[in-house]
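Here is the file model05.csv (CSV, C-alpha atoms).
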```csv
chain,number,residue,atom,x,y,z
A,1,MET,CA,-38.9,-5.6,-7.7
A,2,ILE,CA,-37.2,-7.1,-4.7
A,3,ARG,CA,-33.9,-5.9,-6.1
A,4,THR,CA,-35.1,-2.4,-6.4
A,5,ILE,CA,-36.3,-2.4,-2.8
A,6,GLN,CA,-33.0,-3.9,-1.7
A,7,THR,CA,-31.1,-1.2,-3.5
A,8,LEU,CA,-33.3,1.5,-2.0
A,9,ILE,CA,-32.7,0.1,1.5
A,10,ILE,CA,-29.0,-0.1,1.0
A,11,ALA,CA,-28.9,3.4,-0.4
A,12,LEU,CA,-30.8,4.8,2.5
A,13,ALA,CA,-28.5,3.0,5.0
A,14,CYS,CA,-25.5,4.4,3.2
A,15,ILE,CA,-26.9,7.9,3.2
A,16,ALA,CA,-27.6,7.6,6.9
A,17,PHE,CA,-24.1,6.4,7.5
A,18,THR,CA,-22.6,9.3,5.5
A,19,LEU,CA,-24.8,11.8,7.5
A,20,VAL,CA,-23.7,10.3,10.8
A,21,LEU,CA,-20.0,10.4,9.7
A,22,GLY,CA,-20.4,14.0,8.5
A,23,ALA,CA,-22.1,15.0,11.7
A,24,SER,CA,-19.3,13.5,13.8
A,25,ILE,CA,-16.7,15.2,11.6
A,26,TRP,CA,-18.5,18.5,12.2
A,27,ALA,CA,-18.6,17.9,15.9
A,28,ILE,CA,-14.8,17.0,16.1
A,29,ALA,CA,-13.9,20.0,13.8
A,30,SER,CA,-15.7,22.5,16.0
A,31,ASP,CA,-14.1,21.1,19.2
A,32,PRO,CA,-10.6,22.7,19.6
A,33,GLY,CA,-9.4,19.5,21.4
A,34,GLN,CA,-6.5,19.3,23.8
A,35,GLY,CA,-2.9,18.5,23.1
A,36,ASN,CA,-0.9,20.0,20.3
A,37,LEU,CA,0.8,17.3,18.2
A,38,PRO,CA,2.4,19.5,15.6
A,39,GLN,CA,4.0,21.7,18.3
A,40,LEU,CA,5.2,18.7,20.3
A,41,LEU,CA,6.7,17.3,17.1
A,42,SER,CA,8.5,20.5,16.1
A,43,GLU,CA,10.0,20.8,19.6
A,44,ASN,CA,11.5,17.3,19.3
A,45,MET,CA,12.6,17.5,15.7
A,46,GLY,CA,16.2,18.2,16.8
A,47,ARG,CA,16.4,14.7,18.3
A,48,SER,CA,14.9,12.8,15.4
A,49,GLY,CA,18.0,12.7,13.2
A,50,VAL,CA,16.2,13.9,10.1
A,51,GLU,CA,14.8,17.3,9.0
A,52,HIS,CA,11.5,16.3,7.4
A,53,PRO,CA,8.6,15.9,10.0
A,54,VAL,CA,6.8,13.1,8.1
A,55,THR,CA,10.0,11.0,7.9
A,56,ALA,CA,10.7,11.7,11.5
A,57,VAL,CA,7.3,10.4,12.5
A,58,LEU,CA,7.5,7.4,10.3
A,59,LEU,CA,11.0,6.2,11.3
A,60,ASN,CA,11.6,7.6,14.7
A,61,PHE,CA,8.6,8.7,16.7
A,62,ARG,CA,6.1,6.2,15.4
A,63,SER,CA,8.5,3.6,14.0
A,64,TYR,CA,6.5,0.9,15.6
A,65,ASP,CA,3.7,1.5,13.1
A,66,THR,CA,6.2,1.3,10.2
A,67,LEU,CA,7.7,-1.9,11.6
A,68,LEU,CA,4.2,-3.5,11.8
A,69,GLU,CA,3.4,-2.2,8.3
A,70,ILE,CA,6.4,-3.8,6.7
A,71,GLY,CA,5.4,-7.0,8.6
A,72,VAL,CA,1.9,-6.8,7.0
A,73,LEU,CA,3.5,-6.2,3.6
A,74,VAL,CA,5.7,-9.3,3.9
A,75,ILE,CA,2.7,-11.4,5.0
A,76,ALA,CA,0.7,-10.1,2.0
A,77,GLY,CA,3.6,-10.9,-0.3
A,78,ILE,CA,4.1,-14.4,1.0
A,79,ALA,CA,0.3,-15.1,0.8
A,80,GLY,CA,0.2,-13.8,-2.8
A,81,ILE,CA,3.1,-15.9,-3.9
A,82,SER,CA,1.6,-19.0,-2.3
A,83,MET,CA,-1.6,-18.5,-4.2
A,84,SER,CA,0.0,-18.6,-7.6
A,85,LYS,CA,-0.3,-21.9,-9.2
A,86,THR,CA,2.9,-22.5,-11.1
A,87,THR,CA,6.3,-22.4,-9.6
A,88,SER,CA,7.7,-20.2,-12.4
A,89,LEU,CA,5.5,-17.2,-11.6
A,90,GLU,CA,5.7,-16.4,-15.2
A,91,ASP,CA,2.9,-15.8,-17.7
A,92,PRO,CA,3.8,-15.9,-21.3
A,93,ASP,CA,0.7,-13.9,-22.2
A,94,LEU,CA,2.1,-10.9,-20.4
A,95,ARG,CA,5.3,-10.7,-22.4
A,96,THR,CA,5.1,-8.3,-25.3
A,97,SER,CA,7.4,-7.8,-28.2
A,98,ASP,CA,6.5,-4.2,-28.8
A,99,PRO,CA,9.5,-2.3,-30.2
A,100,LEU,CA,8.2,1.0,-28.8
A,101,LEU,CA,8.1,-0.4,-25.3
A,102,TYR,CA,11.7,-1.7,-25.7
A,103,ALA,CA,12.9,1.7,-26.8
A,104,LEU,CA,11.0,3.4,-24.0
A,105,GLN,CA,12.4,1.0,-21.5
A,106,ARG,CA,16.0,1.8,-22.4
A,107,TRP,CA,15.3,5.4,-21.5
A,108,PHE,CA,13.0,4.9,-18.6
A,109,ILE,CA,14.5,2.2,-16.5
A,110,PRO,CA,17.8,3.9,-15.7
A,111,LEU,CA,15.9,7.1,-15.1
A,112,MET,CA,13.4,5.5,-12.8
A,113,LEU,CA,16.2,3.7,-10.8
A,114,VAL,CA,17.9,7.1,-10.3
A,115,LEU,CA,14.6,8.7,-9.3
A,116,ALA,CA,14.0,5.9,-6.7
A,117,GLY,CA,17.5,6.6,-5.3
A,118,TYR,CA,16.8,10.3,-5.2
A,119,LEU,CA,13.5,9.9,-3.5
A,120,LEU,CA,15.1,7.7,-0.9
A,121,TRP,CA,17.7,10.2,-0.2
A,122,ALA,CA,15.3,13.2,-0.3
A,123,GLY,CA,13.2,11.7,2.5
A,124,ALA,CA,15.6,13.3,5.1
A,125,ASP,CA,14.6,16.9,4.5
A,126,ARG,CA,11.7,17.0,2.0
A,127,PRO,CA,8.8,14.8,0.9
A,128,GLY,CA,10.1,11.4,-0.1
A,129,GLY,CA,11.4,8.3,1.6
A,130,ALA,CA,11.2,4.6,1.6
A,131,PHE,CA,7.6,4.2,0.5
A,132,GLN,CA,7.8,6.5,-2.5
A,133,ALA,CA,11.1,5.1,-3.5
A,134,GLY,CA,9.8,1.6,-3.1
A,135,ALA,CA,6.8,2.3,-5.2
A,136,VAL,CA,8.9,3.8,-8.0
A,137,LEU,CA,11.3,0.8,-7.8
A,138,ALA,CA,8.3,-1.6,-8.0
A,139,ALA,CA,6.9,0.3,-11.0
A,140,THR,CA,10.3,-0.1,-12.7
A,141,GLY,CA,10.1,-3.8,-12.1
A,142,VAL,CA,6.6,-3.9,-13.5
A,143,LEU,CA,7.8,-2.1,-16.6
A,144,MET,CA,10.7,-4.5,-17.0
A,145,ARG,CA,8.5,-7.5,-16.6
A,146,LEU,CA,5.9,-6.2,-19.2
A,147,GLY,CA,8.8,-5.6,-21.5
A,148,GLY,CA,9.9,-9.2,-21.1
A,149,ILE,CA,13.2,-8.6,-19.4
A,150,PRO,CA,13.9,-11.9,-17.6
A,151,MET,CA,13.9,-11.4,-13.8
A,152,ASP,CA,15.1,-14.7,-12.3
A,153,PHE,CA,15.2,-13.3,-8.8
A,154,LEU,CA,11.4,-13.4,-8.8
A,155,ARG,CA,11.3,-17.1,-9.0
A,156,PRO,CA,10.6,-18.6,-5.5
A,157,GLY,CA,14.0,-19.2,-4.1
A,158,LEU,CA,16.6,-17.9,-1.7
A,159,LEU,CA,16.9,-14.5,-3.4
A,160,LEU,CA,13.1,-13.8,-3.4
A,161,ARG,CA,12.8,-14.8,0.3
A,162,VAL,CA,15.8,-12.7,1.4
A,163,GLY,CA,14.5,-9.7,-0.6
A,164,LEU,CA,11.0,-10.1,1.0
A,165,VAL,CA,12.1,-10.3,4.6
A,166,LEU,CA,15.2,-8.1,4.4
A,167,GLY,CA,13.5,-4.9,5.4
A,168,PHE,CA,11.5,-6.4,8.2
A,169,SER,CA,14.4,-8.4,9.7
A,170,VAL,CA,16.8,-5.5,9.6
A,171,PHE,CA,14.2,-3.2,11.2
A,172,LEU,CA,13.5,-5.8,13.9
A,173,LEU,CA,17.2,-6.4,14.5
A,174,VAL,CA,17.7,-2.7,15.2
A,175,ALA,CA,14.7,-2.7,17.5
A,176,VAL,CA,15.8,-5.8,19.5
A,177,VAL,CA,19.4,-4.7,19.7
A,178,SER,CA,18.3,-1.4,21.4
A,179,VAL,CA,16.3,-3.5,23.9
A,180,ILE,CA,19.3,-5.7,24.7
A,181,GLY,CA,21.3,-2.6,25.1
A,182,GLY,CA,19.0,-1.6,28.0
A,183,ASP,CA,17.0,1.0,26.1
A,184,ALA,CA,13.4,1.0,25.0
A,185,PHE,CA,12.1,-1.0,22.1
A,186,LEU,CA,13.0,0.8,18.8
A,187,ALA,CA,14.9,3.6,20.6
A,188,TYR,CA,17.9,4.4,18.5
A,189,PRO,CA,21.1,5.0,20.4
A,190,PRO,CA,22.0,8.7,20.5
A,191,GLY,CA,24.4,9.8,17.7
A,192,MET,CA,23.5,6.7,15.6
A,193,THR,CA,20.1,8.0,14.6
A,194,LYS,CA,20.8,9.3,11.1
A,195,PRO,CA,22.8,6.3,9.8
A,196,LEU,CA,20.4,3.8,11.3
A,197,ILE,CA,17.4,5.5,9.7
A,198,LEU,CA,19.2,5.6,6.4
A,199,VAL,CA,20.0,1.9,6.6
A,200,ILE,CA,16.4,1.0,7.6
A,201,GLU,CA,15.0,3.2,4.8
A,202,SER,CA,17.2,1.6,2.2
A,203,VAL,CA,16.3,-2.0,3.1
A,204,LEU,CA,12.6,-1.0,3.5
A,205,THR,CA,12.7,0.4,-0.1
A,206,LEU,CA,14.1,-2.9,-1.4
A,207,SER,CA,11.6,-5.0,0.5
A,208,ILE,CA,8.6,-2.8,-0.4
A,209,ALA,CA,9.5,-2.9,-4.1
A,210,MET,CA,10.0,-6.7,-3.8
A,211,VAL,CA,6.7,-7.3,-2.1
A,212,LEU,CA,4.7,-5.1,-4.6
A,213,LEU,CA,6.5,-6.7,-7.6
A,214,ALA,CA,6.0,-10.2,-6.3
A,215,LEU,CA,2.3,-9.5,-5.8
A,216,PHE,CA,2.1,-8.1,-9.3
A,217,VAL,CA,3.9,-11.1,-10.8
A,218,SER,CA,1.8,-13.6,-8.9
A,219,ALA,CA,-1.5,-12.1,-9.8
A,220,PRO,CA,-2.1,-14.0,-13.1
A,221,VAL,CA,-3.1,-17.6,-12.5
A,222,ASN,CA,-1.8,-19.6,-15.3
A,223,ASP,CA,-2.0,-23.2,-16.3
A,224,ALA,CA,0.5,-25.5,-14.8
A,225,GLU,CA,1.4,-26.9,-18.2
A,226,ASP,CA,2.9,-23.7,-19.4
A,227,PRO,CA,6.6,-23.8,-19.9
A,228,GLU,CA,8.7,-21.8,-17.6
A,229,GLU,CA,10.4,-18.7,-18.9
A,230,GLY,CA,13.9,-19.6,-20.1
A,231,ASP,CA,13.0,-23.3,-20.1
A,232,PRO,CA,14.5,-24.9,-23.2
A,233,SER,CA,11.3,-26.8,-24.1
B,1,MET,CA,-16.3,26.1,7.0
B,2,THR,CA,-12.7,26.0,5.7
B,3,SER,CA,-11.5,24.2,2.7
B,4,SER,CA,-10.0,21.5,4.9
B,5,LEU,CA,-13.3,20.8,6.4
B,6,LEU,CA,-14.8,20.6,2.9
B,7,TYR,CA,-12.2,17.9,2.1
B,8,ALA,CA,-13.1,16.0,5.3
B,9,MET,CA,-16.8,16.1,4.3
B,10,ALA,CA,-15.9,14.9,0.8
B,11,GLY,CA,-14.1,12.1,2.5
B,12,ALA,CA,-17.3,11.2,4.4
B,13,ALA,CA,-19.2,11.2,1.1
B,14,LEU,CA,-16.5,8.9,-0.5
B,15,CYS,CA,-17.0,6.6,2.5
B,16,GLY,CA,-20.8,6.5,1.8
B,17,ILE,CA,-20.3,5.9,-1.9
B,18,GLY,CA,-17.8,3.2,-1.3
B,19,LEU,CA,-20.0,1.5,1.3
B,20,PHE,CA,-22.9,1.5,-1.2
B,21,GLY,CA,-20.8,0.0,-3.9
B,22,LEU,CA,-19.4,-2.7,-1.5
B,23,LEU,CA,-22.9,-3.7,-0.5
B,24,ARG,CA,-24.7,-3.4,-3.8
B,25,LEU,CA,-22.3,-4.5,-6.5
B,26,SER,CA,-21.9,-8.2,-7.0
B,27,HIS,CA,-18.8,-8.4,-9.2
B,28,LEU,CA,-15.8,-9.0,-6.9
B,29,LEU,CA,-13.5,-6.6,-8.7
B,30,ARG,CA,-16.1,-3.8,-8.4
B,31,LYS,CA,-16.5,-4.7,-4.7
B,32,LEU,CA,-12.7,-4.3,-4.3
B,33,LEU,CA,-12.7,-0.9,-6.1
B,34,ALA,CA,-15.6,0.3,-3.9
B,35,PHE,CA,-13.7,-0.8,-0.8
B,36,ASN,CA,-10.7,1.2,-2.0
B,37,ILE,CA,-12.9,4.3,-2.6
B,38,MET,CA,-14.0,3.8,1.0
B,39,GLY,CA,-10.4,3.6,2.2
B,40,SER,CA,-9.6,6.8,0.2
B,41,GLY,CA,-12.4,8.6,2.0
B,42,VAL,CA,-10.9,7.5,5.4
B,43,PHE,CA,-7.5,8.8,4.3
B,44,LEU,CA,-9.0,12.1,3.2
B,45,ILE,CA,-10.8,12.5,6.5
B,46,MET,CA,-7.6,11.6,8.5
B,47,VAL,CA,-5.5,14.2,6.6
B,48,ALA,CA,-8.1,17.0,6.4
B,49,LEU,CA,-9.5,17.0,9.9
B,50,PRO,CA,-6.3,17.8,11.8
B,51,GLN,CA,-5.4,20.3,9.1
B,52,HIS,CA,-8.6,22.1,9.9
B,53,GLN,CA,-7.8,22.3,13.6
B,54,SER,CA,-4.1,23.1,13.7
B,55,GLY,CA,-2.6,23.4,10.3
B,56,PRO,CA,-0.8,20.7,8.4
B,57,ASP,CA,-0.1,17.9,11.0
B,58,PRO,CA,2.8,15.5,10.1
B,59,VAL,CA,1.6,12.7,12.4
B,60,PRO,CA,-1.7,11.8,10.7
B,61,GLN,CA,0.1,12.3,7.3
B,62,ALA,CA,2.7,9.7,8.2
B,63,LEU,CA,0.0,7.3,9.4
B,64,VAL,CA,-2.0,7.8,6.2
B,65,LEU,CA,1.2,7.2,4.2
B,66,THR,CA,1.6,3.9,6.0
B,67,GLY,CA,-2.0,3.2,5.4
B,68,ILE,CA,-1.7,3.8,1.7
B,69,VAL,CA,1.1,1.3,1.3
B,70,VAL,CA,-0.8,-1.3,3.3
B,71,ALA,CA,-3.9,-0.6,1.2
B,72,ILE,CA,-2.0,-1.2,-2.0
B,73,ALA,CA,-0.5,-4.4,-0.7
B,74,ALA,CA,-4.0,-5.6,0.5
B,75,THR,CA,-5.6,-4.7,-2.8
B,76,ALA,CA,-2.9,-6.6,-4.7
B,77,LEU,CA,-3.5,-9.6,-2.5
B,78,ALA,CA,-7.2,-9.3,-3.0
B,79,VAL,CA,-6.7,-9.3,-6.8
B,80,VAL,CA,-4.6,-12.4,-6.5
B,81,LEU,CA,-7.3,-14.1,-4.4
B,82,ILE,CA,-10.0,-13.0,-6.8
B,83,ARG,CA,-8.1,-14.4,-9.8
B,84,ARG,CA,-7.5,-17.6,-8.0
B,85,TYR,CA,-11.2,-17.8,-7.1
B,86,TYR,CA,-12.2,-17.1,-10.7
B,87,HIS,CA,-9.7,-19.7,-11.9
B,88,LEU,CA,-11.2,-22.4,-9.5
B,89,SER,CA,-14.9,-21.6,-9.7
B,90,GLY,CA,-15.4,-19.7,-13.0
B,91,MET,CA,-17.5,-17.1,-11.2
B,92,THR,CA,-16.8,-13.5,-10.7
B,93,SER,CA,-19.1,-13.0,-7.7
B,94,LEU,CA,-19.7,-14.8,-4.5
B,95,GLU,CA,-22.1,-17.8,-4.3
B,96,GLY,CA,-25.7,-17.2,-3.5
B,97,GLU,CA,-25.8,-13.8,-5.1
B,98,ALA,CA,-27.9,-13.0,-8.1
B,99,GLY,CA,-26.1,-12.9,-11.4
B,100,SER,CA,-23.3,-15.2,-10.2
B,101,ARG,CA,-22.7,-16.8,-13.5
B,102,GLU,CA,-23.2,-13.8,-15.7
B,103,GLY,CA,-19.7,-12.4,-15.4
B,104,GLY,CA,-17.4,-12.9,-18.3
B,105,PRO,CA,-13.7,-13.5,-17.9
B,106,LEU,CA,-11.9,-11.2,-15.6
```
Produce structure tokens that represent the structure in this file.
Amino acid sequence: MIRTIQTLIIALACIAFTLVLGASIWAIASDPGQGNLPQLLSENMGRSGVEHPVTAVLLNFRSYDTLLEIGVLVIAGIAGISMSKTTSLEDPDLRTSDPLLYALQRWFIPLMLVLAGYLLWAGADRPGGAFQAGAVLAATGVLMRLGGIPMDFLRPGLLLRVGLVLGFSVFLLVAVVSVIGGDAFLAYPPGMTKPLILVIESVLTLSIAMVLLALFVSAPVNDAEDPEEGDPS
Amino acid sequence: MTSSLLYAMAGAALCGIGLFGLLRLSHLLRKLLAFNIMGSGVFLIMVALPQHQSGPDPVPQALVLTGIVVAIAATALAVVLIRRYYHLSGMTSLEGEAGSREGGPL
């Protein structure tokens, strides 16, 4: 009885919340507002170094957001890894010996790697970029891991740490160098915009894939007694 | 009432559904899913509302793209935390809630 009343109260509160939200959306939608962001953006596209507006916003006009975002990802990755109990980050239960999966993998993994590279490159002038490429790369890693392909770089060590912080540190380095050069924080030097964005996108792809993969791998909490993968025990 | 505005309203509805799930459901994974539904509603509002006013706007689209990646990472971290919590306590919901010990293995 109490539970029903509770549910009823919560449902009413949520409906009220939705109505208030809808009313405010209606109010904002009917107000023309001032300032025209899309127009401002298209006027400045020539200075951004890329042709696709979303990429231009992500890595040039609002690159501060992207910098903070990769920082959040790195922190999430580190927190996830530190939660996992064993040092091996390996769960024998997850390994399968499905011949169909093996056969699929032989076709899919090279294709997915190529697709990730294409998405990264396509970000300059059409939808694509570091996030999509990083997601595909991470999915490739998940597939490889499910298929039992040994991935030693995911063991906590130098390689994992470098992979995790690579994107963030390169991005931060570019930002700080432009400050030391007397320019604004994260302002790319003129003429260098396109190569810098390309470098940042590439390392971001690697780091995003690494963070997502590390989080996937560290999700299962296994018993400390389990032998490590590749352990001759 | 354009289709973009309809999308924004659907986003508001998703927010409400997600909020209800977050408050009402006791299983932690369900709470997490409900929270993600709420986040999707916010993303939908953020993309659809500027589109209704001045056509496709790359700025909120880029911000939502950033938000999606952060949401994925946060969800993955939450799953790691939930698994750890389950491993340590054997419960799938927070203490003090009804049905704490009913949950089976995650």
Using only C-alpha atoms, I'd like every residue of chain B that has an atom within 7 Å of chain A; please write them out as a PyMOL selection string.
chain B and resi 9+12-13+15-16+19-20+24+49+52-53+57-59+61-62+66+70+73-74+76-77+79-80+83-84+87
For CA of Gln105 (chain A) and CA of Leu119 (chain A), quote the distance in Å rounded to one decimal.
20.1 Å
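Take CA of Leu120 (chain A) and CA of Ile197 (chain A): the distance between them is 11.1 Å.
With only C-alpha atoms as the atoms that count, the minimum distance from Phe43 (chain B) to the choices B:Leu81, B:Val64, B:Ile17, B:Leu22 is reached by B:Val64.
Using all atoms listed in the file, the shortest contact distance between Ile37 (chain B) and any of B:Gly55, B:Leu23, B:Leu65, B:Leu14 is found at B:Leu14.
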Dump as a count of residues only all residues having an atom at most 12 Å from (20.1, 6.2, 11.3), computed in the file's coordinates with only C-alpha atoms.
28
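Between CA of Ser54 (chain B) and CA of Ser40 (chain B) lies a distance of 21.9 Å.
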Skipping near chain neighbours, those fewer than 4 positions away, what residues fall within 10 Å of Val114 (chain A) using all atoms listed in the file, listed as a VMD selection string?
chain A and resid 108 to 110 118 to 120 133 136 to 137
